[in-house]
$ cat protein.txt   # compact mmCIF, C-alpha atoms
# COMPACT_ATOMS: atom_id res chain seq x y z
CA MET J 1 200.73 128.20 44.95
CA ALA J 2 198.22 125.38 44.66
CA THR J 3 194.66 126.10 45.69
CA ASP J 4 191.59 123.92 46.18
CA ALA J 5 188.96 124.23 43.49
CA LEU J 6 185.63 125.48 44.78
CA VAL J 7 182.45 124.84 42.81
CA ILE J 8 179.55 127.13 43.67
CA LEU J 9 176.09 125.97 42.57
CA SER J 10 173.14 128.28 42.16
CA SER J 11 170.29 127.62 44.56
CA LYS J 12 168.14 126.37 41.68
CA THR J 13 170.81 123.94 40.46
CA ALA J 14 171.52 122.76 44.00
CA ALA J 15 167.82 122.23 44.65
CA THR J 16 167.51 120.25 41.43
CA GLU J 17 170.48 118.05 42.32
CA ARG J 18 169.12 117.51 45.83
CA SER J 19 165.77 116.49 44.35
CA ILE J 20 167.44 114.01 42.02
CA ILE J 21 169.55 112.55 44.83
CA THR J 22 166.49 112.30 47.08
CA LEU J 23 164.51 110.54 44.34
CA ILE J 24 167.31 108.06 43.69
CA LEU J 25 167.62 107.30 47.40
CA ARG J 26 163.86 106.75 47.68
CA LEU J 27 163.86 104.39 44.71
CA MET J 28 166.81 102.44 46.10
CA PHE J 29 165.11 102.24 49.50
CA ALA J 30 161.92 100.97 47.86
CA LEU J 31 163.93 98.30 46.04
CA SER J 32 165.58 97.30 49.31
CA GLU J 33 162.17 96.99 50.99
CA LEU J 34 160.89 94.79 48.16
CA HIS J 35 163.95 92.56 48.43
CA GLN J 36 163.30 92.08 52.14
CA LEU J 37 159.57 91.46 51.61
CA LEU J 38 160.31 88.75 49.06
CA GLY J 39 163.07 87.15 51.11
CA LYS J 40 165.84 88.16 48.71
CA SER J 41 169.23 89.65 49.47
CA ASP J 42 170.12 93.11 48.12
CA SER J 43 172.53 91.49 45.67
CA ASP J 44 169.76 89.38 44.10
CA LEU J 45 168.19 90.60 40.85
CA LEU J 46 164.53 91.58 41.33
CA LYS J 47 162.57 90.23 38.36
CA ILE J 48 159.32 91.99 37.46
CA ILE J 49 156.97 90.91 34.67
CA SER J 50 153.94 92.95 33.62
CA ILE J 51 151.25 90.78 32.04
CA GLY J 52 149.30 92.50 29.29
CA ALA J 53 150.33 95.11 26.74
CA GLY J 54 147.22 97.13 26.07
CA ALA J 55 147.29 100.86 26.69
CA TRP J 56 147.16 100.54 30.49
CA GLY J 57 149.52 97.55 30.77
CA SER J 58 152.10 99.12 28.46
CA VAL J 59 152.04 102.49 30.22
CA PHE J 60 152.40 100.84 33.64
CA ALA J 61 155.37 98.78 32.42
CA ALA J 62 156.93 101.91 30.90
CA LEU J 63 156.52 103.80 34.19
CA LEU J 64 158.33 100.98 36.00
CA GLN J 65 161.07 100.99 33.36
CA ASP J 66 161.49 104.76 33.57
CA ALA J 67 161.70 104.66 37.35
CA TYR J 68 163.81 101.55 37.93
CA GLY J 69 165.28 100.50 34.59
CA HIS J 70 168.60 102.23 35.19
CA PHE J 71 169.22 100.06 38.29
CA ARG J 72 170.31 97.28 35.95
CA GLU J 73 172.08 95.23 38.63
CA LYS J 74 169.07 95.48 40.94
CA VAL J 75 165.95 95.03 38.84
CA HIS J 76 164.89 93.46 35.54
CA ILE J 77 161.56 94.60 34.04
CA ARG J 78 159.75 92.88 31.18
CA VAL J 79 156.27 92.96 29.67
CA TRP J 80 154.33 90.03 28.23
CA ARG J 81 152.01 90.20 25.28
CA ARG J 82 150.60 87.60 22.93
CA PRO J 83 152.64 87.01 19.77
CA GLY J 84 151.47 87.16 16.18
CA ARG J 85 149.33 90.31 16.16
CA ALA J 86 150.10 91.96 12.81
CA VAL J 87 150.12 95.74 12.35
CA ASP J 88 147.90 96.64 9.41
CA ARG J 89 149.18 98.77 6.52
CA SER J 90 147.33 101.95 7.47
CA THR J 91 148.62 101.79 11.06
CA ALA J 92 152.15 101.16 9.78
CA GLU J 93 151.88 104.24 7.58
CA HIS J 94 150.61 106.36 10.47
CA LEU J 95 153.34 104.99 12.75
CA PHE J 96 155.96 106.01 10.19
CA ASP J 97 154.57 109.55 10.18
CA VAL J 98 154.67 109.66 13.99
CA ILE J 99 158.31 108.56 13.99
CA ASN J 100 159.36 111.17 11.45
CA SER J 101 157.52 113.94 13.30
CA ARG J 102 159.61 113.37 16.43
CA GLU J 103 163.35 113.83 16.26
CA ASP J 104 163.93 111.89 19.49
CA MET J 105 162.11 108.84 18.15
CA LEU J 106 163.87 109.08 14.81
CA ARG J 107 167.29 109.21 16.45
CA ARG J 108 166.40 106.36 18.82
CA LEU J 109 165.33 104.02 16.03
CA ILE J 110 168.36 104.87 13.91
CA ARG J 111 170.63 104.11 16.88
CA ARG J 112 168.82 100.80 17.39
CA CYS J 113 169.15 99.99 13.66
CA ALA J 114 165.36 99.62 13.53
CA TYR J 115 164.32 102.57 11.37
CA LEU J 116 164.51 100.73 8.04
CA GLU J 117 162.00 98.16 9.32
CA TYR J 118 159.42 100.94 9.57
CA VAL J 119 160.40 102.26 6.13
CA ASP J 120 159.79 98.81 4.63
CA ALA J 121 156.47 98.51 6.47
CA ARG J 122 155.42 101.95 5.19
CA LEU J 123 156.13 100.77 1.64
CA GLY J 124 154.28 97.51 2.19
CA ASP J 125 157.43 95.41 1.80
CA ARG J 126 157.19 93.79 5.23
CA THR J 127 154.76 93.25 8.10
CA LEU J 128 155.31 94.67 11.55
CA TYR J 129 154.02 92.89 14.64
CA ALA J 130 152.66 94.33 17.88
CA ASP J 131 155.31 92.71 20.09
CA GLU J 132 158.00 93.95 17.71
CA ILE J 133 156.96 97.62 17.83
CA LEU J 134 156.43 97.41 21.61
CA ARG J 135 160.15 96.71 21.97
CA ASP J 136 160.70 100.10 20.31
CA GLY J 137 158.22 101.79 22.64
CA PHE J 138 155.02 101.72 20.57
CA CYS J 139 151.81 100.28 21.98
CA LEU J 140 149.47 99.22 19.18
CA ASN J 141 146.52 100.80 21.01
CA MET J 142 148.17 104.23 21.23
CA VAL J 143 150.81 104.68 18.52
CA ASP J 144 150.54 108.47 18.76
CA THR J 145 152.07 108.36 22.25
CA PRO J 146 155.48 106.66 22.16
CA LEU J 147 156.81 105.09 25.35
CA CYS J 148 160.31 104.09 26.35
CA PRO J 149 161.74 100.89 24.78
CA LEU J 150 160.55 97.79 26.63
CA LYS J 151 161.85 94.26 27.07
CA VAL J 152 159.10 92.09 25.60
CA VAL J 153 158.49 88.38 26.05
CA THR J 154 155.78 86.42 24.23
CA ASN J 155 155.99 83.08 26.07
CA LEU J 156 153.84 83.31 29.22
CA GLN J 157 155.40 80.38 31.08
CA GLU J 158 158.91 81.67 30.37
CA ALA J 159 157.87 85.15 31.50
CA VAL J 160 156.54 84.17 34.92
CA TRP J 161 158.60 81.12 35.83
CA ASP J 162 161.27 82.95 37.86
CA ALA J 163 159.43 86.26 38.35
CA ASP J 164 159.46 87.87 41.80
CA ILE J 165 156.63 90.30 41.02
CA VAL J 166 153.84 89.62 38.51
CA VAL J 167 151.80 92.69 37.53
CA ASN J 168 148.31 92.14 36.17
CA GLY J 169 147.77 94.79 33.51
CA LEU J 170 145.00 92.86 31.75
CA PRO J 171 141.35 93.86 31.39
CA SER J 172 139.05 91.97 33.76
CA THR J 173 137.57 89.97 30.87
CA GLU J 174 140.95 88.33 30.20
CA THR J 175 142.43 88.09 33.68
CA HIS J 176 140.98 84.72 34.72
CA CYS J 177 141.95 82.91 31.52
CA VAL J 178 145.52 84.24 31.35
CA PHE J 179 146.26 83.99 35.07
CA ALA J 180 145.24 80.34 35.11
CA GLY J 181 148.39 79.82 33.06
CA VAL J 182 150.37 82.12 35.35
CA ALA J 183 149.38 80.11 38.43
CA SER J 184 150.40 76.90 36.71
CA ALA J 185 153.80 78.26 35.71
CA THR J 186 154.66 79.77 39.09
CA HIS J 187 153.56 76.97 41.40
CA ILE J 188 154.24 73.77 39.47
CA SER J 189 157.83 72.75 38.81
CA ALA J 190 158.71 71.90 35.23
CA LYS J 191 159.84 68.38 34.38
CA CYS J 192 163.29 69.56 33.45
CA ASN J 193 166.67 69.15 35.11
CA THR J 194 167.21 72.91 35.30
CA HIS J 195 163.73 73.65 36.69
CA GLN J 196 163.25 71.19 39.54
CA GLN J 197 162.55 73.59 42.36
CA ILE J 198 159.02 74.92 42.91
CA LYS J 199 158.80 78.69 43.11
CA LYS J 200 158.34 79.55 46.78
CA LYS J 201 157.38 83.20 46.82
CA THR J 202 155.97 85.35 44.04
CA ALA J 203 154.23 88.67 44.59
CA PHE J 204 151.16 89.52 42.52
CA LEU J 205 150.20 93.12 41.83
CA HIS J 206 146.69 93.45 40.43
CA VAL J 207 146.08 96.87 38.92
CA HIS J 208 142.58 97.88 37.90
CA LEU J 209 141.81 101.07 36.00
CA VAL J 210 138.63 102.98 36.85
CA PRO J 211 138.30 105.38 33.87
CA SER J 212 135.23 107.20 35.20
CA HIS J 213 137.18 108.31 38.27
CA GLY J 214 140.65 108.51 36.73
CA LEU J 215 141.93 106.02 39.29
CA ALA J 216 144.18 102.98 39.28
CA ILE J 217 143.54 100.55 42.12
CA ALA J 218 146.38 98.18 43.05
CA ASN J 219 146.14 95.09 45.24
CA PHE J 220 149.44 93.56 46.36
CA SER J 221 149.57 89.96 47.57
CA LEU J 222 152.14 87.24 48.21

$ encode --input "protein.txt" --output "C-alpha cells"
Amino acid sequence: MATDALVILSSKTAATERSIITLILRLMFALSELHQLLGKSDSDLLKIISIGAGAWGSVFAALLQDAYGHFREKVHIRVWRRPGRAVDRSTAEHLFDVINSREDMLRRLIRRCAYLEYVDARLGDRTLYADEILRDGFCLNMVDTPLCPLKVVTNLQEAVWDADIVVNGLPSTETHCVFAGVASATHISAKCNTHQQIKKKTAFLHVHLVPSHGLAIANFSL
C-alpha cells in the first residue's frame, strides 16, 4: 500500500530554515522597493556600482555581493578602482602565504584557474595588480582578510553610465575629484549611436566611515 512520505524537522532545523526563508523574502522585498523607487519594473536588472576599492569601499561592495549577488536576474553589483596599481614583491609573497593558509581560498583559486598567477608572482616571474587580485577577493589594503570575489571595472565612465545606484566608498579627500567624472558620465549623453539617451534617474549612496565611533553614515539621494 502506498503511503505519503512525511519529513519531520527538528525545531532547530525548522527555525534555521524559517530564518533563511525570512531573510530571502526581506532581501527580495528590498529589491522590489528599490525597483519602484527608481522607476524600474521588477523584471529590470538593478545595476549597482561601488566607487572606490580601499578597505571600506571593498568591504561594502563585498557585503552587497554577499547579500544580493545570488539574485543574478535581479541585481548586478560591480566595484570600480583605478587601474595600474602594481602589487609589490613582498606583498605578493605575503598574499601567497595567506592563500595557502586557508583551504577555502586555495580551492577557490584553483577552481578559478587563478592559483598559478599567485605562484608566479611569489617567484617574481610576473606582476600582480590591485584590480586583478580584487576580482579574486583580495583588497590591497587588507590582504590578510579575504573577501568574496568581486566584479571589477577600471573605466569610470563605463562603470557609471547605466548604473541605477552609485555608492561612494571613497575617502573624503578623493570624493570631489572622482565624482566630477561620475556626474559627467551619468548626466551627459555620449556622442555615440548606442548612447543617445541621457540617464534620467540615478541614485547616489554616500557612505562615510567614522572610525572613532565605529559608525558608517549613509546618505541616499536621487

$ closest_residue --input "protein.txt" --among "J:Ala159, J:Ala61, J:Thr145, J:Val75" --to "Ala30 of chain J" --atoms "only C-alpha atoms"
J:Val75

$ closest_residue --input "protein.txt" --among "J:Val167, J:His70, J:Pro146, J:Val59" --to "Ser101 of chain J" --atoms "all atoms listed in the file"
J:Pro146

$ atom_distance --input "protein.txt" --atom1 "atom CA of Met28 of chain J" --atom2 "atom CA of Leu63 of chain J"
15.8 Å

$ residues_around --input "protein.txt" --residues "segment 111-126 of chain J" --least-positions-apart "5" --cutoff "8 Å" --atoms "all atoms listed in the file" --output "mmCIF file with C-alpha atoms, keeping the file's coordinate frame"
data_model
loop_
_atom_site.group_PDB
_atom_site.id
_atom_site.type_symbol
_atom_site.label_atom_id
_atom_site.label_comp_id
_atom_site.auth_asym_id
_atom_site.auth_seq_id
_atom_site.Cartn_x
_atom_site.Cartn_y
_atom_site.Cartn_z
ATOM 1 C CA ARG J 89 149.180 98.770 6.520
ATOM 2 C CA ALA J 92 152.150 101.160 9.780
ATOM 3 C CA GLU J 93 151.880 104.240 7.580
ATOM 4 C CA LEU J 95 153.340 104.990 12.750
ATOM 5 C CA PHE J 96 155.960 106.010 10.190
ATOM 6 C CA LEU J 106 163.870 109.080 14.810
#

$ closest_residue --input "protein.txt" --among "J:Leu134, J:Ala62, J:Val152, J:Val160" --to "Gly181 of chain J" --atoms "all atoms listed in the file"
J:Val160

$ closest_residue --input "protein.txt" --among "J:Gly39, J:Gly54, J:Ile48, J:Arg85" --to "Cys139 of chain J" --atoms "all atoms listed in the file"
J:Gly54

$ closest_residue --input "protein.txt" --among "J:Gly137, J:Pro149, J:Gly69, J:Gly57" --to "Leu170 of chain J" --atoms "all atoms listed in the file"
J:Gly57

$ residues_around --input "protein.txt" --residues "Arg81 of chain J" --least-positions-apart "5" --cutoff "7 Å" --atoms "only C-alpha atoms" --output "ChimeraX atom specification"
/J:51-53,131,153-154

$ residues_around --input "protein.txt" --residues "Val178 of chain J" --least-positions-apart "4" --cutoff "12 Å" --atoms "all atoms listed in the file" --output "PDB file with C-alpha atoms, in the frame of the given file"
ATOM      1  CA  ILE J  51     151.250  90.780  32.040  1.00  0.00           C
ATOM      2  CA  GLY J  52     149.300  92.500  29.290  1.00  0.00           C
ATOM      3  CA  TRP J  80     154.330  90.030  28.230  1.00  0.00           C
ATOM      4  CA  ARG J  81     152.010  90.200  25.280  1.00  0.00           C
ATOM      5  CA  ARG J  82     150.600  87.600  22.930  1.00  0.00           C
ATOM      6  CA  ASN J 155     155.990  83.080  26.070  1.00  0.00           C
ATOM      7  CA  LEU J 156     153.840  83.310  29.220  1.00  0.00           C
ATOM      8  CA  GLN J 157     155.400  80.380  31.080  1.00  0.00           C
ATOM      9  CA  VAL J 160     156.540  84.170  34.920  1.00  0.00           C
ATOM     10  CA  ASN J 168     148.310  92.140  36.170  1.00  0.00           C
ATOM     11  CA  GLY J 169     147.770  94.790  33.510  1.00  0.00           C
ATOM     12  CA  LEU J 170     145.000  92.860  31.750  1.00  0.00           C
ATOM     13  CA  PRO J 171     141.350  93.860  31.390  1.00  0.00           C
ATOM     14  CA  SER J 172     139.050  91.970  33.760  1.00  0.00           C
ATOM     15  CA  THR J 173     137.570  89.970  30.870  1.00  0.00           C
ATOM     16  CA  GLU J 174     140.950  88.330  30.200  1.00  0.00           C
ATOM     17  CA  VAL J 182     150.370  82.120  35.350  1.00  0.00           C
ATOM     18  CA  ALA J 183     149.380  80.110  38.430  1.00  0.00           C
ATOM     19  CA  SER J 184     150.400  76.900  36.710  1.00  0.00           C
ATOM     20  CA  ALA J 185     153.800  78.260  35.710  1.00  0.00           C
TER      21      ALA J 185
END

$ atom_distance --input "protein.txt" --atom1 "atom CA of His76 of chain J" --atom2 "atom CA of Leu64 of chain J"
10.0 Å

$ closest_residue --input "protein.txt" --among "J:Asp162, J:Val79, J:Gly84, J:Val143" --to "Ser50 of chain J" --atoms "only C-alpha atoms"
J:Val79

$ atom_distance --input "protein.txt" --atom1 "atom CA of Asp66 of chain J" --atom2 "atom CA of Ser43 of chain J"
21.1 Å
